[in-house]
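The file upload-v2.cif comes next; it holds mmCIF, C-alpha atoms.
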data_run
loop_
_atom_site.label_atom_id
_atom_site.label_comp_id
_atom_site.auth_asym_id
_atom_site.auth_seq_id
_atom_site.Cartn_x
_atom_site.Cartn_y
_atom_site.Cartn_z
CA MET V 119 0.00 0.00 0.00
CA LYS V 120 1.01 3.59 -0.68
CA LEU V 121 0.49 6.75 1.35
CA TYR V 122 0.88 10.13 -0.31
CA THR V 123 2.07 12.17 2.62
CA TYR V 124 3.75 15.37 3.78
CA PHE V 125 5.67 15.20 7.03
CA ARG V 126 3.84 18.14 8.62
CA SER V 127 0.34 17.39 7.29
CA SER V 128 -1.72 16.51 10.33
CA ALA V 129 -4.23 14.57 8.21
CA ALA V 130 -1.40 12.43 6.81
CA TYR V 131 0.04 12.09 10.33
CA ARG V 132 -3.28 10.56 11.49
CA VAL V 133 -3.07 7.88 8.82
CA ARG V 134 0.62 7.17 9.49
CA ILE V 135 -0.23 6.52 13.14
CA ALA V 136 -3.01 4.08 12.20
CA LEU V 137 -0.82 2.23 9.70
CA ASN V 138 1.93 1.89 12.31
CA LEU V 139 -0.39 0.79 15.12
CA LYS V 140 -1.75 -1.89 12.81
CA GLU V 141 1.82 -2.84 11.84
CA LEU V 142 1.05 -2.41 8.15
CA GLN V 143 3.97 -1.81 5.78
CA TYR V 144 3.47 1.03 3.33
CA ASP V 145 5.41 3.08 0.81
CA ALA V 146 5.51 6.75 1.80
CA ILE V 147 5.32 8.98 -1.27
CA PRO V 148 6.17 12.55 -0.28
CA VAL V 149 4.05 15.38 -1.67
CA HIS V 150 5.71 18.67 -0.79
CA LEU V 151 3.02 21.21 0.05
CA LEU V 152 5.28 24.24 -0.27
CA ARG V 153 7.61 23.37 -3.17
CA ASP V 154 6.94 24.59 -6.75
CA GLY V 155 3.65 26.22 -5.75
CA GLY V 156 2.58 23.01 -4.00
CA GLU V 157 3.09 19.54 -5.45
CA GLN V 158 -0.41 18.67 -4.17
CA LEU V 159 -1.88 21.01 -6.79
CA GLN V 160 0.01 19.54 -9.74
CA ALA V 161 -1.74 17.31 -12.28
CA GLN V 162 0.26 14.22 -11.31
CA TYR V 163 -1.25 14.35 -7.82
CA THR V 164 -4.72 15.75 -8.55
CA ALA V 165 -5.22 12.80 -10.91
CA ILE V 166 -5.07 10.72 -7.71
CA ASN V 167 -6.75 13.17 -5.34
CA PRO V 168 -8.86 15.81 -7.14
CA SER V 169 -9.06 17.91 -3.97
CA GLY V 170 -5.35 18.69 -4.06
CA LEU V 171 -5.17 17.81 -0.38
CA VAL V 172 -2.91 15.36 1.43
CA PRO V 173 -3.15 12.45 2.19
CA ALA V 174 -4.21 10.00 -0.45
CA PHE V 175 -3.98 6.27 0.08
CA GLN V 176 -3.80 3.33 -2.28
CA ASP V 177 -4.34 -0.28 -1.40
CA ASP V 178 -4.32 -3.14 -3.91
CA TYR V 179 -7.52 -2.17 -5.64
CA ILE V 180 -8.69 1.09 -4.11
CA THR V 181 -7.62 4.74 -4.08
CA LEU V 182 -8.91 6.74 -1.13
CA THR V 183 -8.82 10.34 -0.08
CA GLN V 184 -10.17 11.87 3.17
CA SER V 185 -8.15 10.83 6.21
CA MET V 186 -11.16 9.79 8.31
CA ALA V 187 -12.43 7.50 5.53
CA ILE V 188 -8.94 6.01 5.26
CA LEU V 189 -8.76 5.38 9.03
CA GLU V 190 -12.13 3.63 8.99
CA TYR V 191 -11.13 1.61 5.91
CA LEU V 192 -7.95 0.43 7.59
CA ASP V 193 -9.96 -0.65 10.62
CA ASP V 194 -12.55 -2.41 8.45
CA GLU V 195 -10.07 -4.19 6.23
CA TYR V 196 -7.24 -4.87 8.70
CA PRO V 197 -9.01 -5.51 12.01
CA LYS V 198 -6.17 -7.35 13.76
CA VAL V 199 -5.24 -4.33 15.88
CA PRO V 200 -8.63 -2.61 16.24
CA LEU V 201 -8.80 1.18 16.45
CA MET V 202 -12.52 1.28 17.22
CA PRO V 203 -14.47 0.00 20.24
CA LYS V 204 -16.67 -3.07 19.79
CA ASP V 205 -19.92 -1.41 20.96
CA ALA V 206 -22.02 1.04 18.93
CA SER V 207 -22.02 3.72 21.61
CA GLY V 208 -18.26 3.45 22.04
CA ARG V 209 -17.74 3.77 18.29
CA ALA V 210 -20.06 6.78 18.23
CA ARG V 211 -18.12 8.42 21.02
CA VAL V 212 -14.76 7.82 19.33
CA ARG V 213 -16.07 9.18 16.03
CA GLU V 214 -17.47 12.22 17.82
CA LEU V 215 -14.10 13.02 19.42
CA ALA V 216 -12.27 12.46 16.12
CA GLN V 217 -14.71 14.67 14.24
CA ILE V 218 -14.45 17.54 16.70
CA ILE V 219 -10.89 17.70 15.40
CA ALA V 220 -11.42 16.59 11.79
CA CYS V 221 -14.53 18.69 11.10
CA ASP V 222 -14.49 21.61 13.55
CA ILE V 223 -10.81 22.46 13.98
CA HIS V 224 -8.65 21.22 11.15
CA PRO V 225 -10.55 22.32 7.99
CA VAL V 226 -10.87 25.92 9.13
CA ASN V 227 -7.13 26.13 9.86
CA ASN V 228 -5.91 24.22 6.84
CA LEU V 229 -3.08 25.66 4.71
CA ARG V 230 -5.38 26.56 1.81
CA VAL V 231 -7.70 28.56 4.10
CA LEU V 232 -4.83 30.39 5.79
CA ARG V 233 -3.45 31.22 2.34
CA TYR V 234 -6.82 32.59 1.24
CA LEU V 235 -6.76 34.94 4.23
CA THR V 236 -3.33 36.32 3.39
CA ASP V 237 -2.93 35.89 -0.38
CA THR V 238 -6.49 36.46 -1.60
CA LEU V 239 -7.88 38.77 1.09
CA GLY V 240 -4.55 40.46 1.80
CA LEU V 241 -4.95 40.13 5.56
CA SER V 242 -1.90 40.42 7.81
CA GLU V 243 0.10 37.63 9.40
CA ALA V 244 -1.21 38.85 12.76
CA VAL V 245 -4.83 38.40 11.65
CA LYS V 246 -3.99 34.94 10.31
CA THR V 247 -2.29 33.97 13.57
CA GLU V 248 -5.28 35.10 15.61
CA TRP V 249 -7.65 33.21 13.24
CA TYR V 250 -5.60 30.06 13.80
CA ARG V 251 -5.52 30.51 17.56
CA HIS V 252 -9.25 31.31 17.73
CA TRP V 253 -10.51 28.16 16.01
CA LEU V 254 -7.91 25.90 17.56
CA THR V 255 -8.52 26.97 21.15
CA ASP V 256 -12.29 26.93 20.59
CA GLY V 257 -12.06 23.33 19.38
CA LEU V 258 -9.62 22.18 22.06
CA GLU V 259 -11.94 23.60 24.71
CA VAL V 260 -14.85 21.58 23.32
CA LEU V 261 -12.72 18.44 23.12
CA GLU V 262 -11.52 18.94 26.68
CA LYS V 263 -15.10 19.23 27.95
CA HIS V 264 -16.06 15.98 26.24
CA LEU V 265 -13.03 14.16 27.64
CA ASP V 266 -13.72 15.61 31.06
CA ARG V 267 -17.36 14.66 31.34
CA ASP V 268 -17.33 11.18 29.86
CA PRO V 269 -16.39 8.24 32.09
CA SER V 270 -15.31 6.26 28.98
CA ALA V 271 -12.23 8.46 28.70
CA GLY V 272 -9.31 6.57 30.18
CA PRO V 273 -5.58 6.91 29.92
CA LEU V 274 -6.34 7.41 26.21
CA CYS V 275 -9.36 9.04 24.52
CA HIS V 276 -11.44 5.90 24.97
CA GLY V 277 -10.19 3.44 27.55
CA HIS V 278 -6.72 1.94 27.47
CA THR V 279 -6.01 1.25 23.81
CA PRO V 280 -5.55 3.71 20.94
CA THR V 281 -8.51 4.56 18.74
CA ILE V 282 -8.98 6.81 15.73
CA ALA V 283 -9.68 9.61 18.22
CA ASP V 284 -6.11 9.34 19.49
CA CYS V 285 -4.89 9.21 15.86
CA CYS V 286 -6.49 12.66 15.45
CA LEU V 287 -5.65 14.15 18.84
CA VAL V 288 -1.88 13.72 18.68
CA PRO V 289 -1.36 15.49 15.31
CA GLN V 290 -3.65 18.32 16.45
CA VAL V 291 -1.61 18.76 19.64
CA TYR V 292 1.57 18.71 17.55
CA ASN V 293 0.14 21.53 15.43
CA ALA V 294 -0.92 23.48 18.50
CA GLN V 295 2.56 23.21 20.00
CA ARG V 296 4.19 24.21 16.73
CA HIS V 297 2.04 27.34 16.75
CA GLY V 298 2.91 28.13 20.37
CA ILE V 299 -0.59 27.56 21.76
CA ASP V 300 -0.69 27.25 25.56
CA LEU V 301 -2.10 23.81 26.41
CA ALA V 302 -2.33 24.42 30.16
CA PRO V 303 -6.15 24.82 30.06
CA TYR V 304 -6.56 21.30 28.62
CA PRO V 305 -5.25 18.77 31.17
CA ASN V 306 -7.09 15.78 29.67
CA ILE V 307 -5.74 16.51 26.21
CA ARG V 308 -2.22 16.93 27.57
CA ARG V 309 -2.46 13.71 29.59
CA ILE V 310 -3.70 11.65 26.63
CA ASN V 311 -1.16 13.16 24.26
CA ALA V 312 1.67 12.39 26.70
CA ALA V 313 0.54 8.77 26.98
CA CYS V 314 0.27 8.35 23.20
CA ILE V 315 3.52 9.92 22.09
CA GLU V 316 5.53 7.35 24.03
CA MET V 317 4.06 4.49 22.01
CA PRO V 318 6.24 3.19 19.14
CA GLY V 319 3.51 3.56 16.46
CA PHE V 320 3.08 7.22 17.35
CA VAL V 321 6.84 7.82 17.52
CA ALA V 322 7.40 6.39 14.04
CA ALA V 323 4.58 8.54 12.65
CA HIS V 324 5.94 11.82 14.07
CA PRO V 325 6.76 14.46 11.46
CA ALA V 326 10.40 14.59 12.56
CA ASN V 327 10.77 10.88 11.81
CA GLN V 328 9.53 10.99 8.22
CA PRO V 329 11.79 10.53 5.19
CA ASP V 330 10.72 13.97 3.89
CA ALA V 331 11.30 15.78 7.20
CA GLU V 332 13.23 19.01 6.93
CA MET Z 110 -34.99 9.88 20.72
CA LYS Z 111 -34.48 13.63 20.47
CA LEU Z 112 -32.88 15.75 17.77
CA TYR Z 113 -31.82 19.29 18.57
CA THR Z 114 -32.28 20.88 15.17
CA TYR Z 115 -32.63 24.09 13.19
CA PHE Z 116 -34.61 23.91 9.99
CA ARG Z 117 -31.85 25.43 7.83
CA SER Z 118 -28.87 23.72 9.48
CA SER Z 119 -27.47 21.41 6.84
CA ALA Z 120 -25.81 19.21 9.48
CA ALA Z 121 -29.18 18.73 11.22
CA TYR Z 122 -30.81 18.17 7.81
CA ARG Z 123 -28.42 15.23 7.24
CA VAL Z 124 -29.53 13.56 10.45
CA ARG Z 125 -33.23 14.22 9.77
CA ILE Z 126 -32.89 12.42 6.43
CA ALA Z 127 -31.25 9.40 8.07
CA LEU Z 128 -33.86 9.22 10.84
CA ASN Z 129 -36.64 9.36 8.25
CA LEU Z 130 -35.08 6.80 5.91
CA LYS Z 131 -34.77 4.45 8.87
CA GLU Z 132 -38.36 5.22 9.85
CA LEU Z 133 -37.30 6.20 13.35
CA GLN Z 134 -39.63 8.43 15.36
CA TYR Z 135 -37.95 11.35 17.10
CA ASP Z 136 -38.80 14.54 18.93
CA ALA Z 137 -37.52 17.60 17.10
CA ILE Z 138 -36.31 20.23 19.55
CA PRO Z 139 -35.74 23.51 17.70
CA VAL Z 140 -32.62 25.53 18.47
CA HIS Z 141 -32.90 28.90 16.75
CA LEU Z 142 -29.48 29.90 15.45
CA LEU Z 143 -30.36 33.56 14.93
CA ARG Z 144 -32.68 34.39 17.83
CA ASP Z 145 -31.41 36.06 21.05
CA GLY Z 146 -27.81 35.98 19.85
CA GLY Z 147 -28.18 32.30 18.98
CA GLU Z 148 -29.92 29.75 21.18
CA GLN Z 149 -27.11 27.31 20.32
CA LEU Z 150 -24.71 29.44 22.37
CA GLN Z 151 -26.88 29.58 25.50
CA ALA Z 152 -26.02 27.51 28.57
CA GLN Z 153 -29.11 25.33 28.28
CA TYR Z 154 -27.85 24.01 24.94
CA THR Z 155 -24.07 24.07 25.48
CA ALA Z 156 -24.65 21.83 28.50
CA ILE Z 157 -25.77 19.26 25.89
CA ASN Z 158 -23.37 20.22 23.10
CA PRO Z 159 -20.32 22.16 24.31
CA SER Z 160 -19.46 23.20 20.76
CA GLY Z 161 -22.56 25.36 20.47
CA LEU Z 162 -23.25 23.77 17.10
CA VAL Z 163 -26.38 22.05 15.82
CA PRO Z 164 -27.35 19.20 15.78
CA ALA Z 165 -27.20 17.24 18.99
CA PHE Z 166 -28.89 13.88 19.36
CA GLN Z 167 -30.09 11.90 22.34
CA ASP Z 168 -31.04 8.25 22.36
CA ASP Z 169 -32.04 6.32 25.47
CA TYR Z 170 -28.64 6.35 27.10
CA ILE Z 171 -26.37 8.42 24.88
CA THR Z 172 -25.94 12.07 23.93
CA LEU Z 173 -24.12 12.64 20.66
CA THR Z 174 -22.83 15.64 18.77
CA GLN Z 175 -21.17 15.69 15.32
CA SER Z 176 -23.58 14.83 12.52
CA MET Z 177 -21.33 12.23 10.88
CA ALA Z 178 -20.91 10.35 14.17
CA ILE Z 179 -24.70 10.46 14.64
CA LEU Z 180 -25.29 9.07 11.13
CA GLU Z 181 -22.88 6.21 11.75
CA TYR Z 182 -24.43 5.54 15.16
CA LEU Z 183 -27.90 5.33 13.65
CA ASP Z 184 -26.63 2.87 11.08
CA ASP Z 185 -24.83 0.80 13.72
CA GLU Z 186 -27.69 0.72 16.18
CA TYR Z 187 -30.70 0.63 13.82
CA PRO Z 188 -29.47 -1.44 10.86
CA LYS Z 189 -32.88 -2.38 9.44
CA VAL Z 190 -32.66 0.18 6.63
CA PRO Z 191 -28.89 0.29 6.04
CA LEU Z 192 -27.27 3.53 4.93
CA MET Z 193 -23.85 1.99 4.34
CA PRO Z 194 -22.68 -0.63 1.83
CA LYS Z 195 -21.84 -4.11 3.12
CA ASP Z 196 -18.27 -4.16 1.73
CA ALA Z 197 -15.29 -2.32 3.21
CA SER Z 198 -14.37 -0.60 -0.04
CA GLY Z 199 -17.97 0.54 -0.56
CA ARG Z 200 -18.11 1.90 2.98
CA ALA Z 201 -14.81 3.69 2.42
CA ARG Z 202 -16.10 5.24 -0.77
CA VAL Z 203 -19.32 6.43 0.85
CA ARG Z 204 -17.43 7.92 3.78
CA GLU Z 205 -15.03 9.62 1.39
CA LEU Z 206 -17.90 11.28 -0.51
CA ALA Z 207 -19.64 12.29 2.72
CA GLN Z 208 -16.44 13.75 4.14
CA ILE Z 209 -15.67 15.81 1.05
CA ILE Z 210 -18.83 17.66 2.10
CA ALA Z 211 -18.59 17.33 5.88
CA CYS Z 212 -14.87 18.15 6.20
CA ASP Z 213 -13.87 20.16 3.13
CA ILE Z 214 -16.94 22.26 2.33
CA HIS Z 215 -19.29 22.67 5.27
CA PRO Z 216 -16.96 23.67 8.16
CA VAL Z 217 -15.32 26.47 6.21
CA ASN Z 218 -18.70 27.95 5.26
CA ASN Z 219 -20.43 27.45 8.59
CA LEU Z 220 -22.35 30.34 10.16
CA ARG Z 221 -19.75 30.93 12.87
CA VAL Z 222 -16.95 31.24 10.30
CA LEU Z 223 -18.96 33.61 8.08
CA ARG Z 224 -19.71 35.70 11.15
CA TYR Z 225 -16.04 35.87 12.07
CA LEU Z 226 -15.33 37.26 8.60
CA THR Z 227 -17.90 40.05 8.90
CA ASP Z 228 -18.23 40.70 12.64
CA THR Z 229 -14.67 40.11 13.86
CA LEU Z 230 -12.64 40.99 10.77
CA GLY Z 231 -15.07 43.63 9.51
CA LEU Z 232 -15.03 42.26 5.95
CA SER Z 233 -17.82 43.19 3.56
CA GLU Z 234 -20.85 41.12 2.59
CA ALA Z 235 -19.33 40.88 -0.91
CA VAL Z 236 -16.12 39.32 0.46
CA LYS Z 237 -18.19 36.90 2.55
CA THR Z 238 -20.29 35.92 -0.46
CA GLU Z 239 -17.19 35.26 -2.56
CA TRP Z 240 -15.64 33.23 0.29
CA TYR Z 241 -18.77 31.10 0.43
CA ARG Z 242 -18.86 30.62 -3.35
CA HIS Z 243 -15.14 29.84 -3.52
CA TRP Z 244 -15.13 26.96 -1.02
CA LEU Z 245 -18.47 25.60 -2.10
CA THR Z 246 -17.67 25.44 -5.82
CA ASP Z 247 -14.20 24.09 -5.06
CA GLY Z 248 -15.76 21.26 -3.05
CA LEU Z 249 -18.57 20.55 -5.49
CA GLU Z 250 -16.02 20.26 -8.29
CA VAL Z 251 -14.06 17.67 -6.31
CA LEU Z 252 -17.24 15.76 -5.46
CA GLU Z 253 -18.33 15.82 -9.12
CA LYS Z 254 -14.98 14.37 -10.23
CA HIS Z 255 -15.29 11.52 -7.75
CA LEU Z 256 -18.86 10.76 -8.82
CA ASP Z 257 -17.82 10.95 -12.45
CA ARG Z 258 -14.86 8.61 -12.31
CA ASP Z 259 -16.17 5.88 -10.05
CA PRO Z 260 -18.30 3.12 -11.56
CA SER Z 261 -19.91 2.53 -8.13
CA ALA Z 262 -21.88 5.75 -8.52
CA GLY Z 263 -25.35 4.84 -9.65
CA PRO Z 264 -28.64 6.69 -9.67
CA LEU Z 265 -27.55 7.71 -6.15
CA CYS Z 266 -24.07 8.38 -4.74
CA HIS Z 267 -23.41 4.66 -4.31
CA GLY Z 268 -25.64 2.35 -6.30
CA HIS Z 269 -29.43 2.39 -6.05
CA THR Z 270 -30.16 2.94 -2.35
CA PRO Z 271 -29.47 5.99 -0.20
CA THR Z 272 -26.31 6.11 1.89
CA ILE Z 273 -24.87 8.64 4.30
CA ALA Z 274 -23.24 10.26 1.25
CA ASP Z 275 -26.70 11.13 -0.10
CA CYS Z 276 -27.68 12.36 3.39
CA CYS Z 277 -24.84 14.88 3.04
CA LEU Z 278 -25.20 15.71 -0.65
CA VAL Z 279 -28.82 16.85 -0.57
CA PRO Z 280 -28.44 19.43 2.23
CA GLN Z 281 -25.29 20.78 0.58
CA VAL Z 282 -27.14 21.21 -2.72
CA TYR Z 283 -29.99 22.91 -0.84
CA ASN Z 284 -27.46 25.36 0.61
CA ALA Z 285 -25.89 25.96 -2.79
CA GLN Z 286 -29.27 26.71 -4.36
CA ARG Z 287 -30.22 29.02 -1.51
CA HIS Z 288 -27.02 30.97 -2.17
CA GLY Z 289 -27.68 31.14 -5.90
CA ILE Z 290 -24.75 28.94 -6.95
CA ASP Z 291 -24.97 27.70 -10.55
CA LEU Z 292 -25.06 23.89 -10.48
CA ALA Z 293 -24.80 23.44 -14.26
CA PRO Z 294 -21.13 22.32 -14.07
CA TYR Z 295 -22.09 19.39 -11.79
CA PRO Z 296 -24.37 17.03 -13.73
CA ASN Z 297 -23.79 14.01 -11.48
CA ILE Z 298 -24.56 16.03 -8.36
CA ARG Z 299 -27.73 17.45 -9.95
CA ARG Z 300 -28.84 14.02 -11.12
CA ILE Z 301 -28.36 12.40 -7.71
CA ASN Z 302 -29.99 15.30 -5.89
CA ALA Z 303 -33.01 15.14 -8.21
CA ALA Z 304 -33.41 11.42 -7.55
CA CYS Z 305 -33.12 11.84 -3.77
CA ILE Z 306 -35.45 14.77 -3.23
CA GLU Z 307 -38.40 12.81 -4.61
CA MET Z 308 -38.07 10.18 -1.87
CA PRO Z 309 -40.42 10.56 1.11
CA GLY Z 310 -37.66 10.47 3.74
CA PHE Z 311 -35.86 13.33 2.02
CA VAL Z 312 -39.08 15.29 1.53
CA ALA Z 313 -40.00 15.09 5.21
CA ALA Z 314 -36.49 16.23 6.19
CA HIS Z 315 -36.52 19.32 3.96
CA PRO Z 316 -36.12 22.63 5.82
CA ALA Z 317 -39.47 23.90 4.54
CA ASN Z 318 -41.21 20.92 6.14
CA GLN Z 319 -39.85 21.40 9.67
CA PRO Z 320 -41.95 22.62 12.60
CA ASP Z 321 -39.58 25.56 13.09
CA ALA Z 322 -39.57 26.59 9.40
CA GLU Z 323 -40.05 30.29 8.78
#

The structure in this file should be written as structure tokens.
Amino acid sequence: MKLYTYFRSSAAYRVRIALNLKELQYDAIPVHLLRDGGEQLQAQYTAINPSGLVPAFQDDYITLTQSMAILEYLDDEYPKVPLMPKDASGRARVRELAQIIACDIHPVNNLRVLRYLTDTLGLSEAVKTEWYRHWLTDGLEVLEKHLDRDPSAGPLCHGHTPTIADCCLVPQVYNAQRHGIDLAPYPNIRRINAACIEMPGFVAAHPANQPDAE
Amino acid sequence: MKLYTYFRSSAAYRVRIALNLKELQYDAIPVHLLRDGGEQLQAQYTAINPSGLVPAFQDDYITLTQSMAILEYLDDEYPKVPLMPKDASGRARVRELAQIIACDIHPVNNLRVLRYLTDTLGLSEAVKTEWYRHWLTDGLEVLEKHLDRDPSAGPLCHGHTPTIADCCLVPQVYNAQRHGIDLAPYPNIRRINAACIEMPGFVAAHPANQPDAE
């Protein structure tokens, strides 16, 4: 299987974590988001992923875009190391946590949106930085409240073993730290992140440990 | 079961379609997004959904936010009228189509983001309108390419029976039409939408047919 990835893409980072946790071998094909106007926007890549977004994933007979669909596919097709709870309410809860990140935080702060603010609207770097901080801290606050109120939260987002919620949380925390966001108000998020990043599958997926890391 | 809904919320509209297709009875609890500074931001509602976003859903023993998690929960827990294919690659494809809408289009054009543009950044209505059009047409183009290239697309997004992808497509098309977006460049999307909106479950879920419609 092949993963079209960029070391700092948090959506690609989610999928790398899942592939590693499931001990699946894959070829990493780097797509440099900042080189030559963005390799993700060039015809060679948009023929694979028309959205011009990273990641894209190819298994024997299927090409997939959308990181959350890829995570669910991996869990469906390679169930040996499950990343979803067995019960419907547990699965719902894990999807809810993952989607707080994947729907409410990440898309609004994606590279293409930030570029629209500065390049198309001509807004300042300071406005862009505040935009980023606003949506990120808003989303982290929501996530923290969910983790705080639900007894199913354990050492990880849901109990003791990693789920797709953890696959989303760790890259989002990485992004937050890279942007200098204070994580003190989110003790559950910090605790879960600290537990995850020690695990070998998460370590190997870290941006700094990718072949295209700079 | 209870659905906290607003007639024009496309995320709530998705869930209404699924509930209807599955012939599940539910109590619709209106949350008016524009009244009194937004009922979704008041403590009574944020105690249920900390994000202050619609919808929220309550079944006997579970409270859920995030429309995609709710759709999957309904399909997990009430499988009689399935909204997902039986095969892993079909499920992946349906999730991919749904998430093109739920992750790449809808969050960037959500009410709270549009308000940030005008109220916080002081941008004009014209800039807001162009922002909306930009992300919507970008996403519809991607969706159209996927529907066009994949032989699994049938009269509906995936074959002949509605899936969660159709639950997402129809509300997004409704939004596009409400904003005067020309859908001529998207024949597959128009065709699928036309087939869906004739079906009773979709009709009953339409914004105009809600108790809180204005």

Query raised in the report: Do you know which residues the PyMOL selection byres ((chain Z) within 6 of (chain V)) returns on this file, as a ChimeraX atom specification?
Result: /Z:159-160,175,178,182,185,197,201,204-205,212,217,251

Query raised in the report: Between Z:Arg299, Z:Lys237, Z:His315, Z:Arg221, which has the minimum distance to Ala127 in chain Z (counting all atoms listed in the file)?
Result: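 Once distances to Ala127 in chain Z are computed over all atoms listed in the file, the minimum belongs to Z:His315.
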
Report task. State, in Å with one decimal place, the distance from CA of Ile147 in chain V to CA of Ser127 in chain V. Result ->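 Interatomic distance here is 13.0 Å.
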
Hey, could you pull the box centre and edge lengths for range 121-140 of chain Z, axis-aligned, 3 Å padding per side, all listed atoms, to one decimal in Å, as AutoDock Vina command-line options?
--center_x -34.0 --center_y 15.0 --center_z 12.7 --size_x 17.2 --size_y 27.1 --size_z 19.6

Query raised in the report: Got a sec: who's within 12 Å of Met308 in chain Z, counting all atoms listed in the file, leaving out chain neighbours fewer than 3 positions off, as a list of chain:residue names?
Result: Z:Ile126, Z:Asn129, Z:Leu130, Z:Leu265, Z:Thr270, Z:Pro271, Z:Asp275, Z:Cys276, Z:Val279, Z:Ile301, Z:Asn302, Z:Ala303, Z:Ala304, Z:Cys305, Z:Phe311, Z:Val312, Z:Ala313, Z:Ala314, Z:His315

Query raised in the report: Using only C-alpha atoms, which residue out of V:Thr281, V:Leu301, V:Tyr144, V:Ala326 lies closest to Arg132 in chain V?
Result: V:Thr281

Requested in this report: In Å, rounded to a single decimal, give me how far CA of Pro188 in chain Z is from CA of Gln134 in chain Z.
Outcome: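 These two atoms are separated by 14.9 Å.
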
Report summary line: In Å and to one decimal, CA of Glu248 in chain V is distant from CA of Tyr241 in chain Z by 20.7 Å

Requested in this report: Using the chain letters and numbers from the file, give me the residues hit by the PyMOL selection byres ((chain Z and resi 120) around 8), as a ChimeraX atom specification.
Outcome: /Z:118-119,121-124,163-164,176,277,280
